[in-house]
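*Asks:* Structure supplied as entry-v7.txt; contents: compact mmCIF, C-alpha atoms.
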```txt
# COMPACT_ATOMS: atom_id res chain seq x y z
CA MET A 1 -40.01 -11.35 -8.69
CA ASN A 2 -37.00 -11.40 -11.03
CA GLN A 3 -33.40 -11.99 -9.91
CA GLN A 4 -32.50 -8.30 -9.85
CA ASP A 5 -35.50 -7.51 -7.63
CA ARG A 6 -34.57 -10.37 -5.28
CA THR A 7 -31.02 -9.04 -5.10
CA ARG A 8 -32.23 -5.54 -4.27
CA GLU A 9 -34.57 -6.88 -1.59
CA ARG A 10 -31.68 -8.64 0.19
CA LEU A 11 -29.29 -5.69 0.17
CA HIS A 12 -30.26 -3.31 2.93
CA GLY A 13 -29.62 -2.30 6.49
CA VAL A 14 -26.50 -1.92 8.59
CA VAL A 15 -23.31 -3.28 7.07
CA THR A 16 -20.08 -3.15 9.05
CA ALA A 17 -17.21 -1.41 7.26
CA THR A 18 -15.06 -4.12 8.80
CA PRO A 19 -11.44 -3.29 9.70
CA THR A 20 -8.65 -5.66 8.80
CA THR A 21 -7.11 -7.30 11.84
CA PHE A 22 -3.33 -7.18 12.14
CA GLY A 23 -0.99 -8.70 14.67
CA ALA A 24 1.80 -6.81 16.37
CA GLY A 25 4.13 -7.63 13.49
CA GLY A 26 1.73 -6.29 10.90
CA ASP A 27 0.60 -9.62 9.41
CA LEU A 28 -3.05 -10.56 8.96
CA ASP A 29 -4.60 -12.03 12.10
CA GLU A 30 -7.03 -14.43 10.46
CA GLY A 31 -8.39 -15.91 13.67
CA ARG A 32 -9.23 -12.51 15.10
CA PHE A 33 -10.87 -11.48 11.85
CA ARG A 34 -13.12 -14.54 11.95
CA GLU A 35 -14.10 -13.64 15.51
CA LEU A 36 -15.00 -10.10 14.51
CA VAL A 37 -17.15 -11.21 11.59
CA GLU A 38 -18.93 -13.85 13.67
CA GLY A 39 -19.57 -11.34 16.43
CA TYR A 40 -21.04 -8.80 14.05
CA VAL A 41 -23.39 -11.34 12.51
CA ALA A 42 -24.48 -12.43 15.98
CA ALA A 43 -25.10 -8.78 16.87
CA GLY A 44 -27.69 -8.56 14.10
CA VAL A 45 -26.01 -6.61 11.31
CA HIS A 46 -27.49 -7.02 7.85
CA GLY A 47 -24.22 -7.43 5.97
CA ILE A 48 -20.43 -7.50 6.19
CA SER A 49 -18.16 -5.28 4.10
CA VAL A 50 -14.59 -6.44 3.65
CA ALA A 51 -11.47 -4.94 2.07
CA GLY A 52 -12.94 -1.46 1.89
CA SER A 53 -11.41 1.81 3.03
CA GLN A 54 -11.91 1.01 6.70
CA GLY A 55 -10.36 -2.37 5.91
CA GLU A 56 -7.18 -0.60 4.70
CA PHE A 57 -7.40 -2.10 1.22
CA TYR A 58 -4.79 0.43 0.08
CA VAL A 59 -2.09 -1.24 2.21
CA LEU A 60 -3.09 -4.81 1.34
CA ASP A 61 -1.69 -6.79 -1.55
CA ALA A 62 -4.09 -8.64 -3.85
CA ALA A 63 -3.56 -11.97 -2.10
CA GLU A 64 -4.44 -10.45 1.27
CA ARG A 65 -7.59 -8.82 -0.10
CA LEU A 66 -8.77 -12.09 -1.59
CA ARG A 67 -7.92 -14.02 1.56
CA LEU A 68 -10.09 -11.65 3.62
CA MET A 69 -12.95 -12.26 1.20
CA GLU A 70 -12.50 -16.03 1.55
CA ILE A 71 -12.53 -15.86 5.34
CA THR A 72 -15.62 -13.65 5.35
CA VAL A 73 -17.59 -15.85 2.98
CA GLU A 74 -16.64 -18.96 4.96
CA THR A 75 -17.53 -17.39 8.30
CA VAL A 76 -20.78 -15.77 7.21
CA ALA A 77 -21.91 -18.97 5.47
CA GLY A 78 -24.76 -17.25 3.68
CA ARG A 79 -26.38 -15.68 6.75
CA VAL A 80 -25.94 -12.11 5.47
CA PRO A 81 -24.59 -10.66 2.23
CA VAL A 82 -20.86 -10.06 1.87
CA TYR A 83 -19.80 -6.78 0.23
CA ALA A 84 -16.22 -6.82 -1.07
CA GLY A 85 -14.04 -3.91 -2.13
CA THR A 86 -12.73 -4.70 -5.61
CA GLY A 87 -11.76 -1.25 -6.83
CA ALA A 88 -8.29 -0.30 -8.04
CA VAL A 89 -6.53 2.47 -9.93
CA SER A 90 -6.70 0.63 -13.24
CA THR A 91 -9.72 -0.89 -14.92
CA ARG A 92 -7.70 -4.04 -15.61
CA GLU A 93 -6.85 -4.63 -11.95
CA SER A 94 -10.39 -3.90 -10.81
CA ILE A 95 -11.74 -6.45 -13.31
CA ALA A 96 -9.33 -9.09 -12.00
CA LEU A 97 -10.30 -8.43 -8.38
CA THR A 98 -14.02 -8.42 -9.18
CA ARG A 99 -13.83 -11.71 -11.06
CA ALA A 100 -11.84 -13.27 -8.23
CA ALA A 101 -14.39 -12.01 -5.70
CA GLU A 102 -17.16 -13.59 -7.74
CA SER A 103 -15.37 -16.94 -7.79
CA ILE A 104 -14.91 -16.75 -4.01
CA GLY A 105 -18.65 -16.27 -3.53
CA VAL A 106 -19.10 -12.69 -2.33
CA ASP A 107 -22.50 -11.15 -2.94
CA VAL A 108 -21.69 -7.58 -3.97
CA ALA A 109 -18.66 -5.84 -5.47
CA MET A 110 -17.90 -2.32 -4.24
CA VAL A 111 -15.86 -0.54 -6.91
CA ILE A 112 -14.19 2.62 -5.69
CA THR A 113 -13.30 5.37 -8.14
CA PRO A 114 -9.75 5.26 -9.47
CA TYR A 115 -7.58 7.36 -7.17
CA PHE A 116 -4.56 9.59 -7.87
CA LEU A 117 -5.92 9.88 -11.44
CA ALA A 118 -8.52 12.48 -12.41
CA PRO A 119 -10.80 10.74 -14.94
CA SER A 120 -13.50 12.69 -16.72
CA GLY A 121 -17.13 11.78 -16.19
CA ARG A 122 -17.12 9.90 -19.49
CA GLU A 123 -13.97 7.96 -18.55
CA LEU A 124 -15.32 7.21 -15.10
CA ALA A 125 -18.60 5.85 -16.43
CA GLU A 126 -16.77 3.72 -18.98
CA HIS A 127 -14.51 2.34 -16.24
CA PHE A 128 -17.46 1.32 -14.07
CA ARG A 129 -19.42 -0.18 -16.96
CA THR A 130 -16.42 -2.20 -18.12
CA VAL A 131 -15.74 -3.58 -14.64
CA ALA A 132 -19.42 -4.43 -14.11
CA ALA A 133 -19.64 -6.21 -17.46
CA ALA A 134 -16.74 -8.49 -16.50
CA SER A 135 -18.76 -10.43 -13.91
CA ALA A 136 -22.32 -11.21 -12.89
CA LEU A 137 -21.92 -9.66 -9.43
CA PRO A 138 -24.16 -6.77 -8.42
CA VAL A 139 -21.97 -3.65 -8.30
CA LEU A 140 -22.11 -0.71 -5.94
CA LEU A 141 -20.17 2.31 -7.13
CA TYR A 142 -18.08 3.50 -4.21
CA ASN A 143 -17.87 7.28 -4.04
CA ASN A 144 -15.35 8.71 -1.58
CA PRO A 145 -14.09 12.03 -2.97
CA PRO A 146 -12.46 13.19 0.30
CA ARG A 147 -10.05 10.23 -0.09
CA THR A 148 -9.79 9.83 -3.86
CA GLY A 149 -10.33 13.33 -5.21
CA VAL A 150 -12.87 11.91 -7.68
CA ASN A 151 -16.63 12.44 -7.36
CA VAL A 152 -19.32 10.21 -8.88
CA THR A 153 -21.93 12.77 -9.86
CA PRO A 154 -25.60 11.78 -10.11
CA ASP A 155 -25.28 12.12 -13.90
CA VAL A 156 -22.40 9.64 -13.97
CA TYR A 157 -24.41 7.24 -11.84
CA ALA A 158 -27.45 7.62 -14.10
CA ASP A 159 -25.26 6.76 -17.08
CA CYS A 160 -23.85 3.70 -15.29
CA ALA A 161 -27.25 2.55 -13.99
CA ARG A 162 -28.21 1.57 -17.54
CA SER A 163 -25.88 -1.42 -17.02
CA GLY A 164 -27.91 -4.25 -15.60
CA ASN A 165 -25.75 -5.17 -12.61
CA ILE A 166 -24.80 -1.66 -11.44
CA ILE A 167 -27.41 -1.31 -8.73
CA GLY A 168 -26.42 1.56 -6.49
CA VAL A 169 -23.86 3.67 -4.68
CA LYS A 170 -21.97 3.57 -1.43
CA ASP A 171 -21.61 7.29 -0.88
CA SER A 172 -18.97 8.60 1.51
CA SER A 173 -19.01 12.14 0.15
CA GLY A 174 -21.02 13.53 3.07
CA ASP A 175 -23.11 15.48 0.54
CA LEU A 176 -26.77 14.98 1.48
CA SER A 177 -28.03 16.86 -1.57
CA GLN A 178 -26.08 14.58 -3.88
CA GLY A 179 -27.34 11.53 -2.03
CA VAL A 180 -30.94 12.59 -2.59
CA GLU A 181 -30.20 13.09 -6.29
CA TYR A 182 -28.90 9.52 -6.52
CA LEU A 183 -32.19 8.32 -5.05
CA LEU A 184 -34.14 10.19 -7.72
CA THR A 185 -32.27 8.48 -10.57
CA GLU A 186 -34.50 6.84 -13.15
CA PRO A 187 -35.07 4.18 -14.31
CA GLY A 188 -34.88 1.82 -11.37
CA GLY A 189 -33.72 4.28 -8.75
CA CYS A 190 -30.62 3.65 -6.68
CA LEU A 191 -29.73 1.38 -3.80
CA LEU A 192 -27.98 4.02 -1.73
CA PHE A 193 -25.76 3.10 1.21
CA SER A 194 -24.39 5.85 3.39
CA GLY A 195 -20.67 5.60 4.02
CA ARG A 196 -20.63 8.68 6.24
CA ASP A 197 -22.14 8.22 9.70
CA THR A 198 -22.88 11.93 9.99
CA ILE A 199 -25.70 11.75 7.45
CA THR A 200 -26.81 8.11 7.70
CA MET A 201 -30.07 8.87 9.50
CA ALA A 202 -30.96 11.60 6.99
CA LEU A 203 -30.28 9.36 3.99
CA LEU A 204 -32.33 6.55 5.52
CA ALA A 205 -35.21 8.94 6.07
CA HIS A 206 -34.98 9.96 2.41
CA GLY A 207 -35.23 6.31 1.32
CA GLY A 208 -31.65 5.09 1.42
CA ALA A 209 -31.16 1.33 1.59
CA GLY A 210 -28.77 1.32 4.51
CA ALA A 211 -25.31 2.21 5.76
CA ILE A 212 -21.86 0.72 5.35
CA SER A 213 -20.94 2.14 8.67
CA PRO A 214 -17.67 2.77 10.55
CA ALA A 215 -19.62 3.40 13.78
CA ALA A 216 -21.19 -0.06 13.49
CA ASN A 217 -17.74 -1.54 14.06
CA VAL A 218 -17.86 -0.16 17.60
CA PHE A 219 -21.61 -0.17 18.31
CA PRO A 220 -23.28 -2.59 15.88
CA ARG A 221 -26.42 -3.15 17.94
CA LEU A 222 -26.93 0.56 18.51
CA VAL A 223 -26.61 1.43 14.82
CA CYS A 224 -29.00 -1.41 13.96
CA ARG A 225 -31.45 -0.02 16.51
CA MET A 226 -31.31 3.36 14.79
CA TYR A 227 -31.92 1.73 11.41
CA ASP A 228 -34.90 -0.21 12.78
CA ALA A 229 -36.35 2.95 14.32
CA VAL A 230 -36.18 4.85 11.02
CA ARG A 231 -37.80 1.97 9.18
CA ALA A 232 -40.57 1.85 11.79
CA GLY A 233 -41.19 5.59 11.46
CA ASP A 234 -39.96 6.19 15.02
CA LEU A 235 -37.81 9.17 14.15
CA ALA A 236 -37.67 10.38 17.75
CA THR A 237 -35.85 7.22 18.83
CA ALA A 238 -33.65 7.30 15.74
CA ARG A 239 -32.68 10.88 16.46
CA ARG A 240 -31.80 10.12 20.10
CA ILE A 241 -29.47 7.38 18.95
CA ASN A 242 -28.04 9.51 16.17
CA ASP A 243 -27.33 12.31 18.63
CA ALA A 244 -25.75 9.90 21.11
CA LEU A 245 -23.36 8.66 18.41
CA ALA A 246 -22.38 12.18 17.32
CA PRO A 247 -19.43 12.51 19.75
CA LEU A 248 -17.94 9.32 18.29
CA ARG A 249 -18.15 10.77 14.79
CA ARG A 250 -16.42 13.94 16.01
CA ALA A 251 -13.74 11.81 17.69
CA TRP A 252 -12.58 10.44 14.33
CA ALA A 253 -10.59 13.70 14.12
CA LEU A 254 -8.40 12.66 17.08
CA GLY A 255 -6.02 10.75 14.82
CA SER A 256 -5.20 9.68 11.28
CA PHE A 257 -7.65 7.48 9.41
CA PRO A 258 -8.33 4.67 10.28
CA VAL A 259 -6.61 4.31 13.64
CA VAL A 260 -9.28 6.06 15.74
CA ILE A 261 -11.95 3.56 14.80
CA LYS A 262 -9.60 0.69 15.57
CA GLU A 263 -8.76 2.12 18.98
CA ALA A 264 -12.43 2.78 19.74
CA MET A 265 -13.09 -0.88 18.99
CA ALA A 266 -10.37 -1.86 21.45
CA VAL A 267 -12.14 0.13 24.18
CA VAL A 268 -15.26 -2.04 23.79
CA GLY A 269 -13.28 -5.30 23.67
CA LEU A 270 -13.15 -5.73 19.89
CA ASP A 271 -9.46 -4.92 19.39
CA PRO A 272 -8.53 -5.42 15.69
CA GLY A 273 -4.89 -4.60 16.26
CA PRO A 274 -2.94 -1.62 14.92
CA ALA A 275 -3.25 0.18 11.62
CA ARG A 276 -0.47 -0.54 9.18
CA ALA A 277 2.39 1.95 8.95
CA PRO A 278 2.76 4.79 8.36
CA ILE A 279 -0.32 5.31 10.57
CA SER A 280 0.62 5.36 14.26
CA PRO A 281 -1.33 4.64 17.47
CA LEU A 282 -2.97 7.54 19.28
CA PRO A 283 -0.89 9.35 21.89
CA PRO A 284 -2.06 8.70 25.47
CA GLU A 285 -3.90 12.00 25.93
CA ARG A 286 -5.98 11.52 22.79
CA ARG A 287 -6.63 7.88 23.62
CA ALA A 288 -7.99 8.99 26.98
CA ARG A 289 -10.34 11.46 25.28
CA LEU A 290 -11.54 8.76 22.90
CA THR A 291 -12.08 6.32 25.76
CA ALA A 292 -14.26 8.85 27.59
CA VAL A 293 -16.43 9.31 24.47
CA VAL A 294 -16.83 5.58 23.93
CA GLU A 295 -17.69 4.90 27.57
CA GLU A 296 -20.39 7.58 27.53
CA ILE A 297 -22.00 5.97 24.49
CA ARG A 298 -21.76 2.54 26.12
CA GLU A 299 -23.74 3.88 29.04
CA PHE A 300 -26.39 5.22 26.66
CA GLU A 301 -26.49 1.87 24.85
CA ARG A 302 -27.18 -0.04 28.05
CA ASP A 303 -30.44 1.87 28.36
CA ALA A 304 -31.32 2.07 24.66
CA VAL A 305 -30.73 -1.50 23.49
CA PRO A 306 -31.76 -4.64 25.40
CA ALA A 307 -28.88 -6.99 26.14
CA THR A 308 -28.50 -9.88 23.67
CA SER A 309 -25.90 -12.45 22.78
CA GLY A 310 -23.16 -11.47 20.34
CA VAL A 311 -21.08 -8.30 20.20
```
Take the structure in the file and give it back as structure tokens.
*Replies:*
Amino acid sequence: MNQQDRTRERLHGVVTATPTTFGAGGDLDEGRFRELVEGYVAAGVHGISVAGSQGEFYVLDAAERLRLMEITVETVAGRVPVYAGTGAVSTRESIALTRAAESIGVDVAMVITPYFLAPSGRELAEHFRTVAAASALPVLLYNNPPRTGVNVTPDVYADCARSGNIIGVKDSSGDLSQGVEYLLTEPGGCLLFSGRDTITMALLAHGGAGAISPAANVFPRLVCRMYDAVRAGDLATARRINDALAPLRRAWALGSFPVVIKEAMAVVGLDPGPARAPISPLPPERRARLTAVVEEIREFERDAVPATSGV
């Protein structure tokens, strides 16, 4: 087995789209972040994503992003792969972040499309290839058109996949048809990670590698149980879990991204602190509705997943 095949074999499963922990004053809470990462690994997740969209990379300066990567690599200590968000508006900045992530020891770079800009498919492919060529890290293209306004089409991915270390896509588009087209890319196919909980089960059933999941921040063991059920061919169990998690996905609409996920985590005892301004906490009535949703899923989880140590 060559190095690329070994890399692909290791990158799979449920990866937490880990939020960044802030104290009341808005500074990084490094101790709390270490606790979260350790708890997720103990809960059985297959990887940790840091400094992504759920991690509020867009309100972090470069030093904060790199510090989060350092803490994650130190805490994980090789037990699971570390996926780090290294995308930026400019190719130059993304190269610098990716090289720094490599020196820190992360396992995978997630390179989001440039945002605010509207690059053509040719420009987008050139951007990704140039960033990937700047380091030896495996690269996942991060597609999140609802946030960036830029879509990585299957044709763009196919063009990029000719570069040796561009290995797949984290797709948060919510477009199942497009996800399936990524999986059909030749040569070499695509390591596809769902970034949208609403279609994670469907993408797994189609052959996706895993999920970089917001819901796993709140219910890591339950999302892992769904992943295991799909892999075992037990689609009935996977569907029961998927359906049980559906109200949580709908609850994301109760507030501005990403505060709802942070407040849901607080309900289950994993409080990562507030979102950075200008995002505000939920008003009491909406927090009460979110709490009711989370508690209902907790009750389901008690029956669906045997108690273990960890989160």
*Asks:* Can you work out which one of A:Gly121, A:Ala266, A:Ala84, A:Gly13 has the shortest atom-to-atom distance to Gly207 of chain A, counting all atoms listed in the file?
*Replies:*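 Of the candidates, the smallest distance to Gly207 of chain A is held by A:Gly13.
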*Asks:* When you count all atoms listed in the file, which of these residues is closest to Ala246 of chain A: A:Val305, A:Val223, A:Met265, A:Val131?
*Replies:*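 Going through A:Val305, A:Val223, A:Met265, A:Val131 one by one, the smallest distance to Ala246 of chain A is for A:Val223.
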*Asks:* Restricting the calculation to all atoms listed in the file: of A:Asn217, A:Ser256, A:Ser177, A:Thr98, which residue gets closest to Leu203 of chain A?
*Replies:*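 Of all the options, A:Ser177 lies closest to Leu203 of chain A.
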*Asks:* Between atom CA of Cys224 of chain A and atom CA of Gly55 of chain A, what is the spacing in Å?
*Replies:*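 Going from atom CA of Gly55 of chain A over to atom CA of Cys224 of chain A covers 20.3 Å.
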*Asks:* Can you tell me which residues surround Ala88 of chain A at a distance of at most 8 Å, considering all atoms listed in the file, apart from same-chain residues fewer than 3 positions away, and format the answer as an MDAnalysis selection string?
*Replies:* chainID A and resid 91 93:94 111:115
*Asks:* Residues at most 9 Å from Glu102 of chain A, counting only C-alpha atoms, excluding those fewer than 4 positions away in the same chain, as a list in words?
*Replies:*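 Final neighbour list, sorted by chain and number: Leu97, Thr98, Val106, Asp107, Val108, Ala109, Ser135, Ala136 and Leu137 of chain A.
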*Asks:* Between A:Arg92, A:Val259, A:Gly44, A:Pro81, which residue has the minimum interatomic distance to Gly273 of chain A, considering all atoms listed in the file?
*Replies:*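 Nearest candidate to Gly273 of chain A out of A:Arg92, A:Val259, A:Gly44, A:Pro81: A:Val259.
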*Asks:* Please provide as an mmCIF file with C-alpha atoms, in the coordinates of the input all residues within 7 Å of segment 65-71 of chain A, with the sequence filter that same-chain residues fewer than 2 positions apart are discarded (counting all atoms listed in the file).
*Replies:*
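Saved the output as out16.cif:
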```
data_model
loop_
_atom_site.group_PDB
_atom_site.id
_atom_site.type_symbol
_atom_site.label_atom_id
_atom_site.label_comp_id
_atom_site.auth_asym_id
_atom_site.auth_seq_id
_atom_site.Cartn_x
_atom_site.Cartn_y
_atom_site.Cartn_z
ATOM 1 C CA ARG A 34 -13.120 -14.540 11.950
ATOM 2 C CA VAL A 50 -14.590 -6.440 3.650
ATOM 3 C CA ALA A 51 -11.470 -4.940 2.070
ATOM 4 C CA PHE A 57 -7.400 -2.100 1.220
ATOM 5 C CA LEU A 60 -3.090 -4.810 1.340
ATOM 6 C CA ASP A 61 -1.690 -6.790 -1.550
ATOM 7 C CA ALA A 62 -4.090 -8.640 -3.850
ATOM 8 C CA ALA A 63 -3.560 -11.970 -2.100
ATOM 9 C CA VAL A 73 -17.590 -15.850 2.980
ATOM 10 C CA GLU A 74 -16.640 -18.960 4.960
ATOM 11 C CA THR A 75 -17.530 -17.390 8.300
ATOM 12 C CA ALA A 84 -16.220 -6.820 -1.070
ATOM 13 C CA ALA A 101 -14.390 -12.010 -5.700
ATOM 14 C CA ILE A 104 -14.910 -16.750 -4.010
#
```
*Asks:* Calculate how many Å separate atom CA of Glu285 of chain A from atom CA of Arg249 of chain A, rounding to one decimal.
*Replies:*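 So the two atoms, atom CA of Glu285 of chain A and atom CA of Arg249 of chain A, lie 18.1 Å apart.
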*Asks:* Which of these, A:Leu204, A:Cys190, A:Asp159, A:Ser120, has the shortest distance to Leu176 of chain A once you count only C-alpha atoms?
*Replies:*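 Among the listed residues, the smallest separation from Leu176 of chain A belongs to A:Leu204.
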*Asks:* Choose the residue, out of A:Gly105, A:Leu290, A:Gly85, A:Gly23, that has the smallest atom-to-atom separation from Ile261 of chain A; count all atoms listed in the file.
*Replies:*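 Of A:Gly105, A:Leu290, A:Gly85, A:Gly23, the one nearest Ile261 of chain A is A:Leu290, counting all atoms listed in the file.
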*Asks:* Using 10 Å as the limit and counting all atoms listed in the file, can you tabulate each residue of segment 127-219 of chain A that touches segment 230-244 of chain A, with its shortest atom-to-atom distance in Å and the two atoms involved, as a Markdown table?
*Replies:*
```
| residue | atom | partner | partner_atom | distance |
| --- | --- | --- | --- | --- |
| A:Asp197 | CA | A:Asn242 | CA | 8.9 |
| A:Thr198 | CA | A:Asn242 | CA | 8.4 |
| A:Ile199 | CA | A:Asn242 | CA | 9.3 |
| A:Thr200 | CA | A:Asn242 | CA | 8.7 |
| A:Met201 | CA | A:Asn242 | CA | 7.0 |
| A:Ala202 | CA | A:Val230 | CA | 9.4 |
| A:Leu204 | CA | A:Val230 | CA | 6.9 |
| A:Ala205 | CA | A:Val230 | CA | 6.5 |
| A:Gly207 | CA | A:Arg231 | CA | 9.3 |
```
*Asks:* Work out how far apart atom CA of Ala216 of chain A and atom CA of Thr16 of chain A are and give it in Å to one decimal.
*Replies:* 5.5 Å
*Asks:* Return as AutoDock Vina command-line options the box centre and box size in Å, one decimal, for an axis-aligned box around all listed atoms of segment 240-253 of chain A padded by 4 Å per side.
*Replies:*
```
--center_x -21.2 --center_y 10.7 --center_z 17.6 --size_x 29.2 --size_y 14.6 --size_z 15.0
```
